[in-house]
Amino acid sequence: MEVTTTLFGEACLNRSWGRIGKRGQSINHHFEREEEAVDLFLILTRRKLAKGYQPRSHRQS
């Protein structure tokens, strides 16, 4: 998940999921304010952590 800004200045929460190495799926949520996008990001993150998901480690090559 990531929060970005569209070309029109709207906040956007981009969600992507799927199997590693495959194309997967994605959905974009658009908001007028960045705070709304961050709120949804935090809600979804808490739900995933409660189900046992763990953050992906960032490896530097």
# chains A, B, ... in the order shown; residues from 1 in each chain; ligands from 1
>>> residues_around(residues="Arg15 in chain A", least_positions_apart="2", cutoff="6 Å", atoms="only C-alpha atoms", output="PyMOL selection string")
chain A and resi 1+26-27
>>> select_by_dssp(residues="chain A", states="strand (DSSP E)", output="MDAnalysis selection string")
chainID A and resid 2:5 11:17 25:31
>>> atom_distance(atom1="CA of Gly24 in chain A", atom2="CA of Asp39 in chain A")
24.3 Å
>>> select_by_dssp(residues="chain A", states="helix (DSSP H, G or I)", output="list of chain:residue names")
A:Glu34, A:Glu35, A:Glu36, A:Ala37, A:Val38, A:Asp39, A:Leu40, A:Phe41, A:Leu42, A:Ile43, A:Leu44, A:Thr45, A:Arg46, A:Arg47, A:Lys48, A:Leu49, A:Ala50
>>> closest_residue(among="A:Glu10, A:Asn28, A:Arg23, A:Gly18", to="Leu40 in chain A", atoms="only C-alpha atoms")
A:Asn28
>>> atom_distance(atom1="CA of Arg33 in chain A", atom2="CA of Thr45 in chain A")
19.0 Å
>>> residues_around(residues="Phe8 in chain A", least_positions_apart="6", cutoff="12 Å", atoms="only C-alpha atoms", output="MDAnalysis selection string")
chainID A and resid 30:32
>>> closest_residue(among="A:Leu42, A:Lys48, A:Ala37, A:Ser16", to="Thr4 in chain A", atoms="only C-alpha atoms")
A:Ala37
